[in-house]
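Only one structure is covered here, and it is reproduced in the block below.
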Amino acid sequence: MRELGNSSNFIRKSNNKGFTKFCFIVPEGDVTEIRYFEGLKNNSEYLHLNKLIKLSVIENEQDEFGQSHLKRKIENFEESVKEGKIDYDKDVDTVVFVFDRDPQNFKENQYDTYVEKCCEKGYILCISNPTFELFLLMHDNQIFTLDRKMMLENRKQSSKRFLELQVEKFFHHNKRNLNFDIYKSKIKTAIKNEKEFCEDLIGLKNQLGSNVGKFIDTLMNDEIN
């Protein structure tokens, strides 16, 4: 793994409020989530994110493409830290793994195991059930016109799944061509709309929802620790 654009090459500065710390975002996918969180990082001033927290988006190296299971992501991240590829200080920094609940990622018992493992290691786990596309749809109030059962089941319709098709309909881009400018003025809408769905990490094992917006809200309110 590596930091996208060497984004953590900041000097750790201190002031009367404390030390600058890094928040490492480790997404499941190789495109959509990376584009979203890189957009979040690049618009931190516009979004009034905590100035003492520097976002750093982690991407797969070429030989890691397709390794999307959470177990492998954790192993790869920790190995990259050991090798000095990522400057992570466990006493200061935060690590956030962004994953889909999609049943192909986690069996029922595996979900509980990884939630517990992340808590033990002090990692934050951001889950969208069933997929990250649900959180994208929360940026528009049109989401409340969609059938919740269809969203949760997220069945294939022709070659694409239901949520992916709705993202294309709402925002006019496909999942591999996300334009963050479409979303940046709507993030507070997403945070608000997310509250109408499940945000609880345990509940997200089976319920429609996400806690990505809840995490972003902590960055805006300087609550991350």
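Labels for the structure tokens follow display order: chains A, B, ..., residues from 1 in each chain, ligands from 1.
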
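If you count only C-alpha atoms and ignore residues fewer than 6 places along the chain from Tyr46 of chain A, what sits within 12 Å of it is Gly39, Leu40, Asp181, Lys184, Ser185, Ile187 and Met220 of chain A.
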
Query - Distance query Val31 of chain A at most 12 Å, only C-alpha atoms, self and fewer than 6 positions along chain excluded, as an MDAnalysis selection string - result: chainID A and resid 4 37:38 57:60 65:66 68 132 174:179

Same residues, all heavy atoms, saved as a CSV table (one decimal), in the first residue's frame:
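Heads up, here's the output in again.csv:
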chain,number,residue,atom,x,y,z
A,4,LEU,N,-1.6,8.0,-1.4
A,4,LEU,CA,-1.9,8.7,-2.7
A,4,LEU,C,-1.3,10.1,-2.8
A,4,LEU,O,-1.6,10.9,-1.9
A,4,LEU,CB,-3.4,8.7,-2.9
A,4,LEU,CG,-3.9,9.2,-4.3
A,4,LEU,CD1,-3.5,8.3,-5.4
A,4,LEU,CD2,-5.5,9.3,-4.3
A,37,PHE,N,-12.8,10.4,-1.2
A,37,PHE,CA,-12.0,10.8,-0.1
A,37,PHE,C,-10.9,11.7,-0.5
A,37,PHE,O,-10.5,12.6,0.3
A,37,PHE,CB,-11.6,9.7,0.8
A,37,PHE,CG,-12.7,9.1,1.6
A,37,PHE,CD1,-13.4,8.0,1.2
A,37,PHE,CD2,-13.1,9.7,2.8
A,37,PHE,CE1,-14.4,7.5,2.0
A,37,PHE,CE2,-14.1,9.3,3.6
A,37,PHE,CZ,-14.8,8.1,3.2
A,38,GLU,N,-10.3,11.5,-1.7
A,38,GLU,CA,-9.3,12.4,-2.2
A,38,GLU,C,-10.0,13.8,-2.4
A,38,GLU,O,-9.4,14.9,-2.1
A,38,GLU,CB,-8.7,11.9,-3.5
A,38,GLU,CG,-7.5,12.7,-4.0
A,38,GLU,CD,-6.3,12.6,-3.2
A,38,GLU,OE1,-6.3,11.8,-2.2
A,38,GLU,OE2,-5.3,13.2,-3.5
A,57,VAL,N,-5.1,9.5,1.9
A,57,VAL,CA,-5.8,8.4,1.2
A,57,VAL,C,-4.8,7.3,0.8
A,57,VAL,O,-3.8,7.6,0.2
A,57,VAL,CB,-6.6,8.9,0.0
A,57,VAL,CG1,-7.4,7.7,-0.6
A,57,VAL,CG2,-7.6,10.0,0.4
A,58,ILE,N,-5.1,6.1,1.2
A,58,ILE,CA,-4.2,5.0,1.0
A,58,ILE,C,-4.8,4.2,-0.2
A,58,ILE,O,-5.9,3.8,-0.3
A,58,ILE,CB,-4.1,4.1,2.2
A,58,ILE,CG1,-3.6,4.8,3.4
A,58,ILE,CG2,-3.2,2.9,1.9
A,58,ILE,CD1,-2.3,5.5,3.3
A,59,GLU,N,-3.9,3.9,-1.2
A,59,GLU,CA,-4.3,3.1,-2.3
A,59,GLU,C,-3.4,1.9,-2.5
A,59,GLU,O,-2.3,1.8,-1.9
A,59,GLU,CB,-4.2,3.9,-3.6
A,59,GLU,CG,-2.8,4.4,-4.0
A,59,GLU,CD,-2.7,5.1,-5.3
A,59,GLU,OE1,-3.7,5.1,-6.0
A,59,GLU,OE2,-1.6,5.6,-5.6
A,60,ASN,N,-4.0,0.9,-3.2
A,60,ASN,CA,-3.2,-0.4,-3.4
A,60,ASN,C,-2.1,-0.1,-4.4
A,60,ASN,O,-2.1,0.8,-5.2
A,60,ASN,CB,-4.1,-1.4,-4.1
A,60,ASN,CG,-5.0,-2.1,-3.1
A,60,ASN,OD1,-4.7,-2.2,-1.9
A,60,ASN,ND2,-6.2,-2.5,-3.6
A,65,PHE,N,-3.8,-4.9,-6.4
A,65,PHE,CA,-5.1,-4.7,-7.0
A,65,PHE,C,-6.0,-5.9,-6.9
A,65,PHE,O,-5.5,-7.0,-7.1
A,65,PHE,CB,-5.0,-4.3,-8.5
A,65,PHE,CG,-4.4,-2.9,-8.7
A,65,PHE,CD1,-3.9,-2.5,-10.0
A,65,PHE,CD2,-4.5,-1.9,-7.7
A,65,PHE,CE1,-3.4,-1.2,-10.2
A,65,PHE,CE2,-4.0,-0.6,-7.9
A,65,PHE,CZ,-3.5,-0.3,-9.2
A,66,GLY,N,-7.2,-5.7,-6.6
A,66,GLY,CA,-8.2,-6.8,-6.4
A,66,GLY,C,-8.2,-7.4,-5.0
A,66,GLY,O,-9.1,-8.2,-4.7
A,68,SER,N,-9.4,-6.9,-2.0
A,68,SER,CA,-10.4,-6.0,-1.3
A,68,SER,C,-11.0,-6.5,0.0
A,68,SER,O,-11.8,-5.8,0.6
A,68,SER,CB,-11.6,-5.7,-2.3
A,68,SER,OG,-12.2,-7.0,-2.7
A,132,PHE,N,-21.2,1.4,-1.0
A,132,PHE,CA,-20.8,2.8,-0.9
A,132,PHE,C,-21.8,3.7,-1.7
A,132,PHE,O,-22.0,4.8,-1.4
A,132,PHE,CB,-19.4,3.0,-1.3
A,132,PHE,CG,-18.9,4.4,-1.0
A,132,PHE,CD1,-18.6,4.8,0.3
A,132,PHE,CD2,-18.7,5.3,-2.0
A,132,PHE,CE1,-18.1,6.1,0.5
A,132,PHE,CE2,-18.2,6.6,-1.8
A,132,PHE,CZ,-17.9,7.0,-0.5
A,174,ASN,N,-20.7,7.3,-13.9
A,174,ASN,CA,-20.7,5.9,-13.5
A,174,ASN,C,-19.7,5.8,-12.3
A,174,ASN,O,-19.1,6.7,-11.9
A,174,ASN,CB,-20.3,5.0,-14.7
A,174,ASN,CG,-18.9,5.3,-15.2
A,174,ASN,OD1,-17.9,5.5,-14.4
A,174,ASN,ND2,-18.7,5.4,-16.5
A,175,LYS,N,-19.7,4.6,-11.7
A,175,LYS,CA,-19.0,4.4,-10.5
A,175,LYS,C,-17.5,4.5,-10.6
A,175,LYS,O,-16.8,4.7,-9.6
A,175,LYS,CB,-19.3,3.0,-9.9
A,175,LYS,CG,-18.8,1.8,-10.7
A,175,LYS,CD,-19.3,0.5,-10.1
A,175,LYS,CE,-18.7,0.2,-8.8
A,175,LYS,NZ,-19.1,-1.0,-8.2
A,176,ARG,N,-16.9,4.5,-11.8
A,176,ARG,CA,-15.5,4.6,-12.0
A,176,ARG,C,-15.1,6.0,-12.5
A,176,ARG,O,-14.0,6.3,-12.8
A,176,ARG,CB,-15.0,3.6,-13.0
A,176,ARG,CG,-15.3,2.2,-12.6
A,176,ARG,CD,-14.6,1.2,-13.6
A,176,ARG,NE,-13.1,1.3,-13.4
A,176,ARG,CZ,-12.4,0.7,-12.5
A,176,ARG,NH1,-13.0,-0.1,-11.6
A,176,ARG,NH2,-11.1,0.8,-12.5
A,177,ASN,N,-16.1,6.9,-12.5
A,177,ASN,CA,-15.8,8.3,-13.0
A,177,ASN,C,-16.4,9.3,-12.1
A,177,ASN,O,-17.0,10.3,-12.5
A,177,ASN,CB,-16.4,8.4,-14.4
A,177,ASN,CG,-15.9,9.6,-15.1
A,177,ASN,OD1,-14.7,10.1,-14.9
A,177,ASN,ND2,-16.7,10.2,-16.0
A,178,LEU,N,-16.3,9.1,-10.8
A,178,LEU,CA,-16.9,10.1,-9.8
A,178,LEU,C,-16.3,11.4,-9.9
A,178,LEU,O,-15.0,11.6,-9.9
A,178,LEU,CB,-16.7,9.5,-8.4
A,178,LEU,CG,-17.4,10.3,-7.2
A,178,LEU,CD1,-17.9,9.3,-6.2
A,178,LEU,CD2,-16.4,11.3,-6.6
A,179,ASN,N,-17.1,12.5,-9.9
A,179,ASN,CA,-16.7,13.9,-9.9
A,179,ASN,C,-17.0,14.5,-8.5
A,179,ASN,O,-18.2,14.7,-8.3
A,179,ASN,CB,-17.3,14.6,-11.0
A,179,ASN,CG,-16.9,16.1,-11.1
A,179,ASN,OD1,-16.1,16.6,-10.2
A,179,ASN,ND2,-17.5,16.8,-12.0

Query raised in the report: Of the residues A:Asn193, A:Gln157, A:Thr20, A:Asn43, which is the one nearest to His139 of chain A, using only C-alpha atoms?
Result: A:Asn193

Report task. As a PyMOL selection string, please: all residues of segment 28-110 of chain A that backbone DSSP puts in strand (DSSP E). Result -> chain A and resi 53-59+94-100

If you keep N, CA and C atoms, can you produce a file of those selected residues as a short mmCIF file (atom, residue, chain, number, x, y, z; two decimals), in the first residue's frame?
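Generated file (again_5.cif):
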data_model
loop_
_atom_site.label_atom_id
_atom_site.label_comp_id
_atom_site.auth_asym_id
_atom_site.auth_seq_id
_atom_site.Cartn_x
_atom_site.Cartn_y
_atom_site.Cartn_z
N ILE A 53 -6.02 17.94 11.55
CA ILE A 53 -6.08 16.59 11.01
C ILE A 53 -5.79 16.64 9.52
N LYS A 54 -4.78 15.91 9.08
CA LYS A 54 -4.43 15.83 7.67
C LYS A 54 -4.90 14.49 7.11
N LEU A 55 -5.82 14.54 6.17
CA LEU A 55 -6.31 13.31 5.55
C LEU A 55 -5.26 12.75 4.59
N SER A 56 -5.10 11.45 4.62
CA SER A 56 -4.18 10.77 3.72
C SER A 56 -4.89 9.54 3.17
N VAL A 57 -5.11 9.51 1.87
CA VAL A 57 -5.83 8.41 1.23
C VAL A 57 -4.84 7.33 0.82
N ILE A 58 -5.11 6.10 1.23
CA ILE A 58 -4.22 4.97 0.95
C ILE A 58 -4.76 4.18 -0.23
N GLU A 59 -3.88 3.89 -1.18
CA GLU A 59 -4.30 3.11 -2.34
C GLU A 59 -3.44 1.85 -2.45
N THR A 94 -5.04 8.31 13.20
CA THR A 94 -6.27 7.53 13.08
C THR A 94 -6.26 6.77 11.76
N VAL A 95 -6.76 5.54 11.78
CA VAL A 95 -6.90 4.74 10.57
C VAL A 95 -8.38 4.42 10.38
N VAL A 96 -8.87 4.66 9.16
CA VAL A 96 -10.28 4.44 8.86
C VAL A 96 -10.39 3.49 7.67
N PHE A 97 -11.00 2.34 7.88
CA PHE A 97 -11.24 1.39 6.80
C PHE A 97 -12.67 1.59 6.30
N VAL A 98 -12.81 1.84 4.98
CA VAL A 98 -14.11 2.13 4.37
C VAL A 98 -14.52 0.93 3.53
N PHE A 99 -15.61 0.25 3.96
CA PHE A 99 -15.99 -1.01 3.34
C PHE A 99 -17.48 -1.13 3.10
N ASP A 100 -17.82 -2.01 2.14
CA ASP A 100 -19.21 -2.38 1.89
C ASP A 100 -19.59 -3.56 2.77
#

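Every protein or nucleic acid residue with an atom no more than 12 Å from Tyr111 of chain A, counting only C-alpha atoms and leaving out same-chain residues fewer than 5 positions away, appears here: A:His69, A:Leu70, A:Lys71, A:Phe99, A:Asp100, A:Arg101, A:Asp102, A:Pro103, A:Gln104, A:Asn105, A:Phe106, A:Glu116, A:Lys117, A:Cys118, A:Leu125, A:Ile127, A:Asn129, A:Leu201, A:Ile202, A:Gly203, A:Leu204, A:Lys205, A:Asn206.
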
What would the file look like if the residues just selected were written as an mmCIF file, in the first residue's frame with N, CA, C and O atoms?
data_model
loop_
_atom_site.group_PDB
_atom_site.id
_atom_site.type_symbol
_atom_site.label_atom_id
_atom_site.label_comp_id
_atom_site.auth_asym_id
_atom_site.auth_seq_id
_atom_site.Cartn_x
_atom_site.Cartn_y
_atom_site.Cartn_z
ATOM 1 N N HIS A 69 -10.580 -7.701 0.409
ATOM 2 C CA HIS A 69 -11.119 -8.218 1.667
ATOM 3 C C HIS A 69 -10.513 -7.447 2.838
ATOM 4 O O HIS A 69 -9.325 -7.110 2.838
ATOM 5 N N LEU A 70 -11.323 -7.181 3.857
ATOM 6 C CA LEU A 70 -10.864 -6.378 4.987
ATOM 7 C C LEU A 70 -9.649 -7.001 5.675
ATOM 8 O O LEU A 70 -8.713 -6.288 6.055
ATOM 9 N N LYS A 71 -9.641 -8.317 5.827
ATOM 10 C CA LYS A 71 -8.497 -8.971 6.454
ATOM 11 C C LYS A 71 -7.208 -8.645 5.709
ATOM 12 O O LYS A 71 -6.189 -8.309 6.320
ATOM 13 N N PHE A 99 -15.609 0.248 3.964
ATOM 14 C CA PHE A 99 -15.985 -1.015 3.344
ATOM 15 C C PHE A 99 -17.483 -1.133 3.097
ATOM 16 O O PHE A 99 -18.291 -0.466 3.753
ATOM 17 N N ASP A 100 -17.821 -2.008 2.144
ATOM 18 C CA ASP A 100 -19.209 -2.380 1.890
ATOM 19 C C ASP A 100 -19.588 -3.558 2.772
ATOM 20 O O ASP A 100 -18.765 -4.446 3.029
ATOM 21 N N ARG A 101 -20.848 -3.596 3.176
ATOM 22 C CA ARG A 101 -21.363 -4.746 3.927
ATOM 23 C C ARG A 101 -21.734 -5.896 2.984
ATOM 24 O O ARG A 101 -21.936 -7.016 3.415
ATOM 25 N N ASP A 102 -21.792 -5.640 1.717
ATOM 26 C CA ASP A 102 -22.153 -6.637 0.712
ATOM 27 C C ASP A 102 -21.811 -8.055 1.197
ATOM 28 O O ASP A 102 -20.669 -8.307 1.594
ATOM 29 N N PRO A 103 -22.781 -8.980 1.177
ATOM 30 C CA PRO A 103 -22.561 -10.337 1.696
ATOM 31 C C PRO A 103 -21.338 -11.048 1.127
ATOM 32 O O PRO A 103 -20.787 -11.948 1.761
ATOM 33 N N GLN A 104 -20.883 -10.649 -0.057
ATOM 34 C CA GLN A 104 -19.698 -11.298 -0.618
ATOM 35 C C GLN A 104 -18.431 -10.881 0.136
ATOM 36 O O GLN A 104 -17.392 -11.524 0.040
ATOM 37 N N ASN A 105 -18.514 -9.803 0.916
ATOM 38 C CA ASN A 105 -17.375 -9.360 1.717
ATOM 39 C C ASN A 105 -17.325 -10.027 3.084
ATOM 40 O O ASN A 105 -16.256 -10.352 3.585
ATOM 41 N N PHE A 106 -18.503 -10.165 3.718
ATOM 42 C CA PHE A 106 -18.544 -10.678 5.081
ATOM 43 C C PHE A 106 -19.656 -11.709 5.245
ATOM 44 O O PHE A 106 -20.806 -11.452 4.890
ATOM 45 N N GLU A 116 -14.951 -6.337 15.983
ATOM 46 C CA GLU A 116 -14.214 -6.482 17.237
ATOM 47 C C GLU A 116 -12.719 -6.250 17.030
ATOM 48 O O GLU A 116 -12.067 -5.579 17.842
ATOM 49 N N LYS A 117 -12.177 -6.787 15.935
ATOM 50 C CA LYS A 117 -10.749 -6.650 15.669
ATOM 51 C C LYS A 117 -10.361 -5.192 15.461
ATOM 52 O O LYS A 117 -9.339 -4.728 15.979
ATOM 53 N N CYS A 118 -11.179 -4.465 14.696
ATOM 54 C CA CYS A 118 -10.888 -3.046 14.452
ATOM 55 C C CYS A 118 -10.961 -2.246 15.747
ATOM 56 O O CYS A 118 -10.124 -1.363 15.990
ATOM 57 N N LEU A 125 -14.062 1.772 11.571
ATOM 58 C CA LEU A 125 -14.632 1.013 10.463
ATOM 59 C C LEU A 125 -15.877 1.740 9.958
ATOM 60 O O LEU A 125 -16.854 1.923 10.687
ATOM 61 N N ILE A 127 -18.837 1.516 7.359
ATOM 62 C CA ILE A 127 -19.550 0.493 6.593
ATOM 63 C C ILE A 127 -20.762 1.108 5.907
ATOM 64 O O ILE A 127 -21.490 1.907 6.504
ATOM 65 N N ASN A 129 -24.174 -0.399 3.978
ATOM 66 C CA ASN A 129 -24.931 -1.616 3.689
ATOM 67 C C ASN A 129 -26.058 -1.284 2.716
ATOM 68 O O ASN A 129 -26.964 -0.546 3.059
ATOM 69 N N LEU A 201 -22.907 0.676 13.938
ATOM 70 C CA LEU A 201 -22.002 -0.290 13.319
ATOM 71 C C LEU A 201 -22.506 -1.725 13.467
ATOM 72 O O LEU A 201 -22.408 -2.523 12.535
ATOM 73 N N ILE A 202 -23.053 -2.053 14.618
ATOM 74 C CA ILE A 202 -23.586 -3.406 14.821
ATOM 75 C C ILE A 202 -24.848 -3.605 13.979
ATOM 76 O O ILE A 202 -25.018 -4.629 13.317
ATOM 77 N N GLY A 203 -25.708 -2.615 13.962
ATOM 78 C CA GLY A 203 -26.944 -2.712 13.190
ATOM 79 C C GLY A 203 -26.705 -2.813 11.699
ATOM 80 O O GLY A 203 -27.493 -3.435 10.972
ATOM 81 N N LEU A 204 -25.603 -2.227 11.230
ATOM 82 C CA LEU A 204 -25.305 -2.231 9.800
ATOM 83 C C LEU A 204 -24.990 -3.626 9.267
ATOM 84 O O LEU A 204 -24.904 -3.826 8.060
ATOM 85 N N LYS A 205 -24.842 -4.586 10.147
ATOM 86 C CA LYS A 205 -24.628 -5.963 9.694
ATOM 87 C C LYS A 205 -25.810 -6.443 8.848
ATOM 88 O O LYS A 205 -25.620 -7.180 7.882
ATOM 89 N N ASN A 206 -27.011 -5.993 9.213
ATOM 90 C CA ASN A 206 -28.205 -6.463 8.506
ATOM 91 C C ASN A 206 -29.122 -5.356 8.007
ATOM 92 O O ASN A 206 -30.034 -5.622 7.230
#
